[in-house]
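Q: Let me give you the structure first, and then I'll get to my questions.
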Amino acid sequence: MVVGKGAKRSTPSARRSGVDLFDVANVDDARAPDAERDLTIDLQQSPAGPATLRAAWRQSLLERKVHAVQWTCTLRLSRLVRAGVLLSSAILISTLLPYPWSPAGVLNLSQDYLESSANPADDWKDDVWPLREQTPWDISTDFPFPRSLEYDVTEGTWLRLDVHPKTGDIVFDILGDVYCLPASAYTESRLDSGLLSRAVPILLGVPHDSDPHFSPEGDRLVFRSDAELGVENIWLREWNGCEDSDIRPISIANEELKDALALKDEENDLLSSGVKETAERKRRRLLREGRLDAKRVTNETYRWVSDARFHPSSSKLVATKWYTSSRSLGAGEAWEYTIPELSSTGDSIKAGSGKRLVGRTLPAGWGPDNYGDQQVGPEQFIWKGNDTLIYSKNVKDTNGGWTYSKDVHQGINAIFSVNLTSQRTTTLVDSFPGGATRPELSRDGRTLAFVRRVRDKEALVLKDLETGTIRNIWHGLTYDLAVVSAPMGTYPSFAFTPEDDAIIIWAAGHIYHVPLATNAVGERVRGGEPRVIPFTAHIEKRLAETRSAKIDLKAVETADTQRVYAFHELRVDEAGEHAVFQAAGATYVQKVGEDQAPKRVPTLHPDAPYYSPSFVPGSSDLVLHARWSDVNFTTFELANVTSGVAYELTGLPLGRYYSPILCSCSGSGRQIAFVKTGGDYLTGEVVATAGAGLYLGQLTLPSGSDATDSPIAIKNVRFVPAEIDTDDLLHTQLRFLEKNKKLLVQEPRRAFVIDLAVGPDEFGDYPHETVASGRMSDELVVSPPSVGSSEGTTPAAIIDFYHVYYAPAVKADDAIWSRPANATKGLTRLSVDGGHSLTWSGDGSKLFWFLGPWLHHVDISKLNACTKAVKRDTTTFGIACTKKLPEFQEVVVEYPSDIKRLKKEAANFAAAKYGEEAGPHANFFVIANATLVTFETGNPKADVLRDAVLVTRNGEIEAIVGVHDAVIPYGATVLDAEGGFVVPGFIDVHAHWNGFDTIHPARSWELETFLAYGVTTLHNPSADTVLAFSERFRTERGQLVGPRIFQTGTIIYGAGATSYHQDVVDLEEAKSALLRIKVEGGPSAFSYKNYNLPSRASRQRLLLAARNLSMLCVPEGGMNYDWDQTYIVDGMTTIEHPLPIPVLYDDILTMFALSGTGSTPTHIVNYGGVMGEQYIWATEDIPNNEKLRHFTRHDILEGLSESTSRPLNSYQVFNTSISTAKLVRKGLKAHIGAHGEQPLGVNYHAEMFFTKAGGLTNYEVLRAATSDAAITLGIDDAVGSLTPGKLADFVVYPPGVNLLDGDISGTRDIRFVARGGRVWDASTLTEVWPVPGRREPLPPLNAE
């Protein structure tokens, strides 16, 4: 997107901070869509390039912590860092609030005020997301639920309820079903008896139902449900009382219901086996679910709606409609909906219909264009009279972005009222102290009840709206969740009894009766002791099969060779006959269209990583590319693929260089262009960081007869001021035009030409002309010969939402876009499942791209045959026709596996130490005199082996024997454990890190830190599909030292982040979404991440596709308790992050534990309070940790020097830990995942500390870190336990560390770590075996 002459548009927050980037409204914990890092996406919708957005994703994303905000201020030029700098700036300076200020400069929320300007919502159109509408789907019938689970409970979690206005009956939701308790359940005599009252089920089934509320007359009930399409909408049903609404009556009088129940199991089995539901079966199903005559009130297909409340007239209702921005957190608004007649038939409700009553307010300087970026809005609306709404709102996040770890004692939410006629807004309850949320009104309208934090308690509070008196009447509530984004409600809804003589409210797992009285002036006060209303509810759930898979990891790792599947940096020669690309740190050339293996480009240093290749125009034999050294940085090499000769290019100072190209000039004298970058995340920011930008120089090509490898000098190097974004080069291509007169720069969303021949103006700037732009594209390339054509249009191609598109004639100011109904004229889709690394042949006749190991190309002239089909197809742009046109070939690149290299190195070591006769046993590595904890059986008595010997051979565990039974062969290497514990290598199930997208292929201090702390296997649930798999292959081929890497690829994301969003509107799109991951990782791609997709239909489609591809689903928990429950019911493999309610009760504990879904609670970034990492920062001297300083950037550690003091009751992490322990004791598999939070390594062990704190034993915690994690990931045949035949991953502890009975923090005190049989000293990561003393240098990260 072009704004002015090559400028980037900055959002208001960016302008205020003085940083011309994009606005990242973030967590005061920013480091990224969990992030995105991955906790929640944390970047504003922005015209910034996709790589910049990806950087924000990980840096703020999804959402790193305040420590990253601090340390990223020093990381000036890194993409990750720029996001952090902006985050820090935004948080510190966002003091301009959309509220009036008092003369003292303090925010005044106690006075009335009028909006002084027009409502920005009126000029904002919600017309971008989703890109495509959902196709028909029914979550109950189009997805199988073959399992059933039934049990009784007497307690429940987060029960939202209402009280009938006349009878006093209670309706409440539990586990996505709705039940009723008669008013007789809380008569004084019944409460005195202590007897349980039966909760009557009134809504059951696959749909997740919640938020029940009565009409003023009590004749109707509204509720929230994701029935049918799987998007939460408001539904309506008639109400005739608890008894008549009972769909599981003890005595069945209704014959139709009786028949329906008799056929329940049989018809459920038919659905599970895929037999299409008939009209008769559907009627019976709806009858036994309690929704036969239910009608829709709303019809949302992307946004979702909750917490509906009837208007006093009963003709309409208000509900909270939730909007996501580029971040998947919902921001609320009040919307009004007309109540349909229950007797009407055939009426359809238009999608998205309704009327906005209360919108979101914006920070100062924001206008309608920014309205959709606001991440905070009002919620929990109730009526007061006919034209006034009362609601709660977060008033602490005032700069447009929602943040984590806010101070609950200072208060977060306040309560307001707004008169819809006058538009006057009044503050009813200020946020200080302790906040004010979940407002409910007495029947007579005089008393406002709400909840707030009071010291270490949660109080039920009453405010008399006539006198203004506020009273805390009960301190027995569960902590509210105003500290998180809580679409399920910051506290469960509650209600006054019909006579206003009591409040019925959920707390601590029970429903309470809180009696009220009236004082002398008519104010309601506490009327007695709150009492539990005892109940029993029979839970009846249908469950899908939990998604699992088995991966033959051992076969992959023990093979002699492994294969690269992910390729990038693709370039093609002039005629489109040869392609050159990076294959995991090595450069290869592939003959196009011929079935032959690619040829590795000759190099001067074969073991070094190479990157950023290009052909020399006019000669497909010559390849120019870059070589990386962690000491000497970038060196360019020129290679003759035919002769095998390579030449080093000299004349450049120490620096980081990228994208070298030569002009298509005649003769041997050529001009070279390249880009110099500053410091970055992996290579540091302390050496050779100055002078980033575009450079030109001259060189002379070697003659054809020159067989020597003499260096080639680059001369006359000069800097050229240019608008190139040096922080987003991975998807940027350079190309000379008109020999060397012009330079074409193709960035992800803008292609422009720099006129070199004209020369600089008086300010030293060269003319820049934009030739094409993309609105949301991830890649953009234009046909070289057509640039600057007289017609003023250019053929261009883009990667847009993962697919390849071609536009035959675009104008510079007409941004290319693939959104149906708004798409660029003539836009043609070329990819069936997607693609990346888009590039043109030099003559512009062919377009090339990769998808996994498949190199695609299409002859553009052939697209004319599909012109009519493209014109007719406004949704998929002619793919039914064009899919036959591209040609493709499989690219096979292999490298020796680490175990093969280990065998060779072990033989060399033994021969040098013991002589040739040691050869047959050189591949043995033995740990003697050890205390093994094998985790082979799950029984600590059987798994602990003392005085044991662990024998490994060729990277596998060969045997485990007693010390007196061991026979050590000559030539074996023996390590005396001195009685120390040895356990399997640790598995970090939820690890994020950033370095995989650093364009220079440096060694990774991140990966080495993980390994040094005993983590031998990493699973990253949010990364870049191509680059993170490339990092895996670089690790396996020996360019990097670190754990084995698995990852989900790019998240499948529901909100409006342009480089991540996927709609998944049909099964074909679901299949393509997963194939894009699978093909880039090959056997190592076995998981994907559903990240807050709003439609359950989309989520179910992905699960069906995953079954056919043997993939796991590890969804983002995302602070949405209702969605989390559907993840469990639908059979997702895990829940990543804890359930957002820290204290769980028997209803969800039982369902979760027995479902088969695992839990990765990530206490480090816990919900419900201050995150666990802040406890670590506050209680440990992180900056002076000697081991961390050996591996980690010091600026990161120094950013963790200070932490805000927090009382322990602010750390809900310990309550989460208790709930986790209860789940484990019921049979759930928990895992250890530290979210990649700094400090790496230490926080993995801190996660074990938090997991232990809830009551688990050390053995159970270590089992979660090893065997349970391996079982969940499906890799337990190869890792996770010390078992003969498995890979030799283990951690060795020094004597004196008691892993089983001592302090759990002893897990950090590691002596040695081994991955696949290769052993390192854990304190320095110096190799112990098979190459003792080997330790390659890292880049110069620190100024010391």
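Order determines the names: the first chain of the structure tokens is A, the second B, and so forth; residues in each chain are numbered 1 upward, and ligands are numbered 1 upward as they are shown.
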Write out as a PyMOL selection string all residues of segment 1171-1284 of chain A that DSSP puts in helix (DSSP H, G or I) for this structure's backbone.
A: chain A and resi 1172-1179+1182-1184+1186-1191+1194-1198+1208-1210+1213-1225+1242-1253+1258-1265+1267-1273
Q: So that I have them on file, write out the residues from the current selection with C-alpha atoms, as an mmCIF file, in the first residue's frame.
A:
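Just written: result-v8.cif:
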```
data_model
loop_
_atom_site.group_PDB
_atom_site.id
_atom_site.type_symbol
_atom_site.label_atom_id
_atom_site.label_comp_id
_atom_site.auth_asym_id
_atom_site.auth_seq_id
_atom_site.Cartn_x
_atom_site.Cartn_y
_atom_site.Cartn_z
ATOM 1 C CA GLY A 1172 4.224 -16.493 36.673
ATOM 2 C CA GLU A 1173 7.292 -15.121 34.943
ATOM 3 C CA GLN A 1174 7.049 -11.962 37.025
ATOM 4 C CA TYR A 1175 7.420 -14.080 40.148
ATOM 5 C CA ILE A 1176 10.659 -15.469 38.714
ATOM 6 C CA TRP A 1177 11.973 -12.054 37.759
ATOM 7 C CA ALA A 1178 11.173 -10.714 41.222
ATOM 8 C CA THR A 1179 12.723 -13.574 43.189
ATOM 9 C CA ILE A 1182 18.475 -13.086 36.446
ATOM 10 C CA PRO A 1183 21.015 -10.577 35.040
ATOM 11 C CA ASN A 1184 23.856 -12.063 37.067
ATOM 12 C CA GLU A 1186 26.441 -16.970 35.229
ATOM 13 C CA LYS A 1187 25.111 -19.738 33.024
ATOM 14 C CA LEU A 1188 22.539 -17.493 31.375
ATOM 15 C CA ARG A 1189 25.202 -14.880 30.680
ATOM 16 C CA HIS A 1190 27.200 -17.543 28.888
ATOM 17 C CA PHE A 1191 24.372 -18.233 26.424
ATOM 18 C CA HIS A 1194 22.985 -9.684 28.090
ATOM 19 C CA ASP A 1195 20.634 -6.879 27.108
ATOM 20 C CA ILE A 1196 17.722 -9.287 27.462
ATOM 21 C CA LEU A 1197 18.871 -10.359 30.893
ATOM 22 C CA GLU A 1198 19.472 -6.798 32.009
ATOM 23 C CA LEU A 1208 1.054 -13.567 46.355
ATOM 24 C CA ASN A 1209 -2.721 -13.373 45.960
ATOM 25 C CA SER A 1210 -2.129 -11.555 42.671
ATOM 26 C CA VAL A 1213 -0.604 -19.217 38.866
ATOM 27 C CA PHE A 1214 -0.671 -21.186 42.093
ATOM 28 C CA ASN A 1215 -4.416 -21.782 41.824
ATOM 29 C CA THR A 1216 -3.901 -22.920 38.240
ATOM 30 C CA SER A 1217 -1.244 -25.301 39.523
ATOM 31 C CA ILE A 1218 -3.679 -26.773 42.053
ATOM 32 C CA SER A 1219 -6.244 -27.310 39.306
ATOM 33 C CA THR A 1220 -3.599 -28.915 37.103
ATOM 34 C CA ALA A 1221 -2.687 -31.316 39.884
ATOM 35 C CA LYS A 1222 -6.334 -32.293 40.335
ATOM 36 C CA LEU A 1223 -6.631 -32.953 36.602
ATOM 37 C CA VAL A 1224 -3.509 -35.106 36.585
ATOM 38 C CA ARG A 1225 -4.781 -37.135 39.523
ATOM 39 C CA VAL A 1242 15.509 -21.023 33.439
ATOM 40 C CA ASN A 1243 11.829 -20.505 32.750
ATOM 41 C CA TYR A 1244 11.432 -24.091 31.583
ATOM 42 C CA HIS A 1245 12.546 -25.219 35.007
ATOM 43 C CA ALA A 1246 10.437 -22.495 36.605
ATOM 44 C CA GLU A 1247 7.483 -24.020 34.808
ATOM 45 C CA MET A 1248 8.301 -27.303 36.510
ATOM 46 C CA PHE A 1249 8.443 -25.438 39.829
ATOM 47 C CA PHE A 1250 4.986 -23.965 39.278
ATOM 48 C CA THR A 1251 3.593 -27.326 38.189
ATOM 49 C CA LYS A 1252 4.926 -28.916 41.361
ATOM 50 C CA ALA A 1253 3.462 -26.149 43.552
ATOM 51 C CA ASN A 1258 8.620 -34.434 41.614
ATOM 52 C CA TYR A 1259 8.163 -37.690 39.735
ATOM 53 C CA GLU A 1260 4.830 -36.558 38.289
ATOM 54 C CA VAL A 1261 6.319 -33.240 37.216
ATOM 55 C CA LEU A 1262 9.281 -34.915 35.528
ATOM 56 C CA ARG A 1263 6.923 -37.377 33.867
ATOM 57 C CA ALA A 1264 5.002 -34.409 32.437
ATOM 58 C CA ALA A 1265 8.307 -33.076 31.087
ATOM 59 C CA SER A 1267 7.054 -39.390 28.778
ATOM 60 C CA ASP A 1268 3.630 -37.737 28.980
ATOM 61 C CA ALA A 1269 4.737 -35.047 26.552
ATOM 62 C CA ALA A 1270 6.133 -37.642 24.157
ATOM 63 C CA ILE A 1271 2.926 -39.687 24.287
ATOM 64 C CA THR A 1272 0.770 -36.649 23.530
ATOM 65 C CA LEU A 1273 2.975 -35.612 20.612
#
```
Q: Please identify all polymer residues within 12 Å of His311 of chain A, counting only C-alpha atoms, omitting same-chain residues fewer than 4 positions from it, and present them as a list in words.
A: His213, Phe214, Ser215, Pro216, Glu217, Val222, Ser315, Lys316, Leu317, Val318, Ala319, Trp335, Glu336, Tyr337, Thr338, Ile339, Phe381, Ile382, Trp383, Lys384, Gly385, Asn386, Asp387, Thr388 and Leu389 of chain A
Q: What lies within 8 Å of Cys242 of chain A using only C-alpha atoms, ignoring chain neighbours under 6 positions off, as an NGL selection string?
A: :A and (169 or 180-182 or 200 or 202)
Q: Where in segment 732-790 of chain A does DSSP assign strand (DSSP E), given as a list in words?
A: Gln733, Leu734, Arg735, Phe736, Leu737, Lys742, Leu743, Leu744, Val745, Gln746, Glu747, Arg750, Ala751, Phe752, Val753, Ile754, Asp755, His768, Glu769, Thr770, Val771, Ala772, Ser773, Glu779, Leu780, Val781 and Val782 of chain A
Q: I'd like the contact shell of Leu855 of chain A - 10 Å cut-off, only C-alpha atoms, skipping same-chain residues fewer than 5 positions apart - returned as a CSV table (one decimal) with C-alpha atoms, in the first residue's frame.
A:
```
chain,number,residue,atom,x,y,z
A,567,PHE,CA,13.0,-24.1,0.3
A,570,LEU,CA,14.0,-18.7,-5.1
A,579,ALA,CA,16.1,-22.2,-10.6
A,590,GLN,CA,17.6,-27.1,-10.3
A,592,VAL,CA,13.5,-26.7,-14.7
A,593,GLY,CA,11.2,-29.3,-16.1
A,835,GLY,CA,2.6,-21.2,-2.5
A,837,SER,CA,8.8,-17.6,-2.8
A,848,PHE,CA,7.6,-19.6,-10.4
A,849,TRP,CA,6.9,-20.5,-6.8
A,850,PHE,CA,7.5,-23.2,-4.2
A,886,PRO,CA,1.0,-24.8,-13.9
A,887,GLU,CA,3.7,-27.5,-14.2
A,888,PHE,CA,5.5,-28.8,-11.1
A,889,GLN,CA,8.4,-31.0,-10.2
A,890,GLU,CA,9.6,-32.4,-7.0
A,891,VAL,CA,13.0,-31.1,-5.7
```
Q: Quote the spacing between atom CA of Ser1004 of chain A and atom CA of Ile799 of chain A in Å to one decimal place.
A: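 So the answer is 29.0 Å.
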Q: With only C-alpha atoms as the atoms that count, which of A:Tyr371, A:Thr478, A:Asp898, A:Arg147 lies nearest to Gly955 of chain A?
A: A:Asp898
Q: With only C-alpha atoms as the counted atoms, please give the residues lying no more than 12 Å from Ala1153 of chain A, apart from itself and same-chain residues fewer than 5 positions off, as an NGL selection string.
A: :A and (149 or 1128-1129 or 1134-1135 or 1144-1148 or 1158-1159 or 1219-1230)
Q: Rank nothing, just name the residue among A:Thr931, A:Ser1022, A:Ser1098, A:Thr683 nearest to Ile999 of chain A, using only C-alpha atoms.
A: A:Thr683
Q: Which residues are close to Leu175 of chain A, i.e. within 12 Å by only C-alpha atoms, leaving aside same-chain residues fewer than 6 positions away? Reply as JSON, numbers by chain.
A: {"A": [153, 155, 156, 157, 158, 159, 160, 201, 203, 204, 205, 206, 207, 208, 209, 210, 211, 537, 538, 539, 540, 541, 542, 1121, 1122, 1123, 1124, 1125, 1126, 1127, 1128, 1129, 1144, 1145, 1146, 1147, 1148, 1149, 1150, 1151, 1152]}
Q: Using only C-alpha atoms, find each residue in segment 1013-1056 of chain A having at least one atom no more than 10 Å away from segment 1314-1337 of chain A; report its shortest atom-to-atom pair and that distance in Å (one decimal), rows by chain then rising number, as CSV.
A:
```
residue,atom,partner,partner_atom,distance
A:Tyr1013,CA,A:Ala1322,CA,6.9
A:Gly1014,CA,A:Ala1322,CA,7.6
A:Val1015,CA,A:Arg1315,CA,9.0
A:Thr1016,CA,A:Arg1315,CA,5.7
A:Thr1017,CA,A:Arg1315,CA,8.4
A:Leu1040,CA,A:Glu1336,CA,9.5
A:Val1041,CA,A:Leu1325,CA,9.0
A:Gly1042,CA,A:Arg1315,CA,8.6
A:Pro1043,CA,A:Arg1315,CA,7.0
A:Arg1044,CA,A:Arg1315,CA,8.0
```
Q: Kindly indicate which residue among A:Lys862, A:Lys676, A:Arg1101, A:Arg1034 lies nearest to Glu1068 of chain A, using only C-alpha atoms for the distances.
A: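 Of the candidates, the smallest distance to Glu1068 of chain A is held by A:Arg1101.
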Q: Please, what distance in Å, to one decimal, runs between atom CA of Gly274 of chain A and atom CA of Asp142 of chain A?
A: 7.8 Å
